[in-house]
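J.: Starting off with a structure, shown below.
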Amino acid sequence: MCSALLTFAEVSCARGGRQLFERFNLTLKAGDCVALRGANGSGKSTLLRAAAGLFADFNGAVDAASFHYVGHKHGVSALLSPKENLLMHERLAGSTRWWPAAAPEAAVGDALPFGGVSAAQALAQVGLGGAPDTACSQLSEGQRRRVALARLLLERRPLWLLDEPLTALDADGRRLVQELITAHCQAGGAVLCATHQALSCPSATEVQLGGGA
Amino acid sequence: MFAVQFRREWLCVLRSKDEALNPLVFLFLAASLFAIGFGGSSDRLGEAAPAIIWVLVLLANLLSLEALFRRDFEDGALEQFVLFAQPQFAAVLGKVAVQWCACGLAMTLLAPLLALMLNLSAAALPTLLLGLLLGTPALSLIGAVGAALTVGLGGGGVLLALLLAPLHLPVLVFGVSATLDGGAGLAATAQLYWLAGISVLALTLTPFATAAALRISVERS
Amino acid sequence: MNFKAWWHRLGSPKWFYRVSGPWQSLFLSLALALLAIGTVWGLAFAPPDYQQGNSFRIIYVHVPAAMLAQSVYLLLGVAGALLLVWRMKLAGLVLETLVPFGMGATALALFSGAIWGKPTWGAWWVFDGRTTATLVLLFLYFGLHALRRAIPDPAAASRACALLAIVGVINIPIIKYSVHWWTTLHQGATFKLTTAPAMPAAMWAPLLVNVLGAYCLLAANLVAKLRNAILRRERSSRWVRDLMDGSQPSIGPAPSPNRPSAAPSHSQRSAAP
């Protein structure tokens, strides 16, 4: 179980005439959790977006297994209720199962504890069990982020790409995120997240960006 | 996939009814401005009615298209859509179909009222309705490409109009021409075939272009 | 050399910059020579038209401009496909360069057509098939230009324009057919590949020279602007910095136009002269 779930190979990227990365290399294997640290504008989000395939203007190669992405914008529709959001996402994304991204998915996926839970269960796990049917426009920013995090639990995917998962969350919520990440890594998944706050997960390693660039 | 996306969008439209109705209100408001502007000269108004109706339909549709992807872009649902909704062709089609139902189809159904306001000759009405029914899908489908390209850009509305007006021109030409011929008691079969042809061509090609445009827009943000 | 390597090199801005230096002067001198010969020949030596008199001579400007207006848009579609399908970086720069040129050619075609229309048709502007189609073409160019300006990131702007250009190219035949739906007042095309031109050789020969000159001007303009755009876009890459250091030591370090406060570790140099 040492096949890579995410590889950056010699990734170089310039934006607005400024070199963000030069020959950046990183490999995530099952059980790895990497926290990207760095000042604003050091390219944390760009790196995550490159991993997710939402940013392609770079040289080098990125190879990712099947993943969940929770971006800076959490992707929760304000007009729909939390439950509808999750159901729609599950159905829209469900067909990705027919095209498994890479071999590791089959090997790792079976060992994951999360995944395959229903939308209601997922919401209960992130502490939103009480309000599945109110429109998300009525929810607070932190609650919407919890809805976005509940997406991670819907379907088992080995790689989680999280952009600032701790922002807008209360102390309870931050603890929840760290528990989820820890459990995911212990079960053989991998997590890449950008964060300004230190993660207190046992397996987390930090990668500092923008130091010499 | 089409059905899932269609249901999701339909829920969204139902929950933002006011926003969805605004283009239709604009349609009637602008039509009455024309009627007032012509100052009671009902014959001249009737002559100009085919052109007025088609241009207003085109503009109202632009207003509705501008909002097609905006909300999803702002809350990030568009990122998830681009990443995970498969196949994109069907998902895009589901989105556009709802926009057409809420705007193009609705305008077609309301067109008799519009024709009455603008004193369009009764003989032209069937051709007008058929023309709108065949032509508005093309407006929505081609428009979705422009909406996808301009989503999230400042001044999106004007920019969208600038991009789309030349591309919408053929629909306008054939639509007006068909309505005029219909009013004169001539068969407008050729123009109607053209409208249908443009819609079918747009149906087969534009969903791919819209999906590509959405990816470009999401990558730029 | 195998084909793949050749293709890869063709898309590389660095390679293009290296080889294209002589092309620029070649095309430019060719364009100036041809345009000078064609214009003088057409204005001074070609016989006047038996119906239109001397006013027909505006075709020596009008026809080349109109031909450029259309072929540049076609080129935009081709460049767009190269960029989106084959991810050829250079095609994005081509796109960026062609839009203003095509817009200028279209505007010139419309303007010269209006001047010619006044004595011939008795009106500056008539909504006939060909003029309307050209006007719509101008609007298509405006749309591309506006879209490019609205997107701050040049690479993303190129991709968006590429897609719009492709949609536009597919649409152009339909647009042309639809505006020809109205009865058309305009003369038929002067040059057709299938039939000999209806005017005598003394009249069309200078026109041909001018058309060729106009295309050379397009090529020269394209190469020159591409070279500039390449330097500007790649200004932070090593080969451009080396080039600037080596050949023009007189240019001092200046902040790039996009970022007034560059990081101190970067000594950036502006590429524009």
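FYI, nothing fancy with the structure tokens labels: chains A, B, ... in order, residues from 1 per chain, ligands from 1 as they appear.
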List the neighbours of Asp170 of chain A out to 12 Å using only C-alpha atoms; skip same-chain residues closer than 6 positions along the sequence, and give me the result as a PyMOL selection string.
T.: chain A and resi 127+140-143+145-146+176-177
J.: Take the residues just selected and output them with N, CA and C atoms as a PDB file, in the first residue's frame.
T.:
ATOM      1  N   GLY A 127     -22.410  17.593  12.700  1.00  0.00           N
ATOM      2  CA  GLY A 127     -23.105  18.400  13.697  1.00  0.00           C
ATOM      3  C   GLY A 127     -24.217  19.252  13.129  1.00  0.00           C
ATOM      4  N   SER A 140     -25.256  30.019   8.855  1.00  0.00           N
ATOM      5  CA  SER A 140     -24.084  30.879   9.023  1.00  0.00           C
ATOM      6  C   SER A 140     -22.947  30.348   8.160  1.00  0.00           C
ATOM      7  N   GLU A 141     -21.910  31.168   8.037  1.00  0.00           N
ATOM      8  CA  GLU A 141     -20.756  30.789   7.226  1.00  0.00           C
ATOM      9  C   GLU A 141     -20.149  29.467   7.722  1.00  0.00           C
ATOM     10  N   GLY A 142     -20.026  29.354   9.045  1.00  0.00           N
ATOM     11  CA  GLY A 142     -19.438  28.141   9.611  1.00  0.00           C
ATOM     12  C   GLY A 142     -20.299  26.921   9.339  1.00  0.00           C
ATOM     13  N   GLN A 143     -21.611  27.103   9.409  1.00  0.00           N
ATOM     14  CA  GLN A 143     -22.504  25.973   9.144  1.00  0.00           C
ATOM     15  C   GLN A 143     -22.399  25.531   7.695  1.00  0.00           C
ATOM     16  N   ARG A 145     -19.787  25.777   5.864  1.00  0.00           N
ATOM     17  CA  ARG A 145     -18.534  25.046   5.707  1.00  0.00           C
ATOM     18  C   ARG A 145     -18.700  23.607   6.199  1.00  0.00           C
ATOM     19  N   ARG A 146     -19.497  23.448   7.235  1.00  0.00           N
ATOM     20  CA  ARG A 146     -19.758  22.086   7.715  1.00  0.00           C
ATOM     21  C   ARG A 146     -20.494  21.267   6.654  1.00  0.00           C
ATOM     22  N   LEU A 176     -13.449  18.933  15.098  1.00  0.00           N
ATOM     23  CA  LEU A 176     -14.109  17.954  14.227  1.00  0.00           C
ATOM     24  C   LEU A 176     -13.286  17.716  12.956  1.00  0.00           C
ATOM     25  N   VAL A 177     -12.853  18.810  12.329  1.00  0.00           N
ATOM     26  CA  VAL A 177     -12.078  18.687  11.094  1.00  0.00           C
ATOM     27  C   VAL A 177     -10.831  17.865  11.344  1.00  0.00           C
TER      28      VAL A 177
END
J.: Within 6 Å of chain C, which residues of chain B are there when counting only C-alpha atoms? Please give them as a compact mmCIF listing (two decimals) with N, CA and C atoms, in the first residue's frame.
T.:
# COMPACT_ATOMS: atom_id res chain seq x y z
N LEU B 162 -22.58 42.27 -25.72
CA LEU B 162 -21.63 42.55 -26.80
C LEU B 162 -21.19 41.27 -27.50
N LEU B 163 -20.96 40.23 -26.71
CA LEU B 163 -20.51 38.97 -27.29
C LEU B 163 -21.62 38.29 -28.06
N PRO B 166 -24.04 39.64 -32.02
CA PRO B 166 -23.75 39.20 -33.39
C PRO B 166 -24.06 37.72 -33.61
N PRO B 170 -28.56 35.73 -36.75
CA PRO B 170 -29.32 34.90 -37.70
C PRO B 170 -30.71 34.54 -37.19
N ARG B 220 -9.78 30.40 -14.30
CA ARG B 220 -9.26 31.76 -14.21
C ARG B 220 -9.49 32.36 -12.83
J.: What is the atom CA of Phe101 of chain C-atom CA of Ile142 of chain B distance in Å, reported with one decimal?
T.: 26.3 Å
J.: Identify every residue of chain B that has at least one atom within 6 Å of any atom of chain A, counting only C-alpha atoms, and report the result as a PyMOL selection string.
T.: chain B and resi 12+75-77+84-85+219
J.: Export, as a tab-separated table (two decimals), in the first residue's frame, the selected residues with N, CA, C and O atoms.
T.:
chain	number	residue	atom	x	y	z
B	12	CYS	N	-33.95	25.58	-7.88
B	12	CYS	CA	-33.34	26.89	-7.69
B	12	CYS	C	-34.22	27.99	-8.29
B	12	CYS	O	-34.40	29.05	-7.70
B	75	ASP	N	-20.81	30.87	-5.25
B	75	ASP	CA	-20.70	30.01	-4.06
B	75	ASP	C	-19.80	28.79	-4.30
B	75	ASP	O	-19.66	27.95	-3.41
B	76	GLY	N	-19.21	28.69	-5.48
B	76	GLY	CA	-18.25	27.61	-5.71
B	76	GLY	C	-18.88	26.32	-6.21
B	76	GLY	O	-18.18	25.34	-6.48
B	77	ALA	N	-20.21	26.30	-6.35
B	77	ALA	CA	-20.85	25.07	-6.84
B	77	ALA	C	-20.38	24.77	-8.27
B	77	ALA	O	-20.37	23.62	-8.70
B	84	PHE	N	-16.86	17.33	-11.12
B	84	PHE	CA	-17.46	16.03	-10.85
B	84	PHE	C	-18.68	15.69	-11.68
B	84	PHE	O	-19.04	14.52	-11.75
B	85	ALA	N	-19.37	16.66	-12.26
B	85	ALA	CA	-20.59	16.32	-13.00
B	85	ALA	C	-20.21	15.65	-14.32
B	85	ALA	O	-19.56	16.26	-15.16
B	219	GLU	N	-11.08	28.01	-14.07
B	219	GLU	CA	-9.62	28.00	-13.94
B	219	GLU	C	-9.08	29.41	-13.76
B	219	GLU	O	-8.04	29.60	-13.15
J.: Name the closest residue to chain A among the candidates C:Ser20, C:Phe45, C:Asp242, C:Ser237; distances are taken between atoms, counting only C-alpha atoms.
T.: C:Ser237
J.: Using DSSP on the backbone, list every residue of segment 11-173 of chain A that comes out as strand (DSSP E), and give them as a PyMOL selection string.
T.: chain A and resi 11-15+18-29+33-37+59-64+67-70+159-163
J.: Atom CA of Ala196 of chain B to atom CA of Leu134 of chain B: how many Å, to one decimal?
T.: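 Atom CA of Leu134 of chain B lies 5.3 Å from atom CA of Ala196 of chain B.
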J.: I'd like the neighbourhood of Gly43 of chain A as a ChimeraX atom specification, where a residue qualifies if any of its atoms comes within 12 Å (using only C-alpha atoms), though same-chain residues fewer than 5 positions away should be ignored.
T.: /A:12-15,18-22,24,36-38,48-50,55,163,194-195,207-211,213
J.: Would you give me, as an NGL selection string, the residues in segment 22-212 of chain A that DSSP reads as alpha helix (DSSP H)?
T.: :A and (44-52 or 82-94 or 103-109 or 119-125 or 141-154 or 171-186)
J.: For Arg44 of chain B, please output as a ChimeraX atom specification all residues within 12 Å (counting only C-alpha atoms; exclusion window: fewer than 6 positions along the same chain).
T.: /B:34-35,37-38,50,52,118-121
J.: In Å, how far is it from atom CA of Ala205 of chain C to atom CA of Ala31 of chain C?
T.: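 Between atom CA of Ala205 of chain C and atom CA of Ala31 of chain C the gap works out to 16.1 Å.
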J.: For a quick check of understanding, using only C-alpha atoms, which of B:Gly197, B:Leu159, B:Trp100, B:Leu83 has the smallest distance to Ala51 of chain A?
T.: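 Comparing B:Gly197, B:Leu159, B:Trp100, B:Leu83 against Ala51 of chain A, the winner is B:Leu83.
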J.: May I ask which of the residues A:Phe58, A:Ala35, A:Val117, A:Leu28 is the closest one to chain C, counting only C-alpha atoms?
T.: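 So, comparing all the options, the nearest one is A:Phe58.
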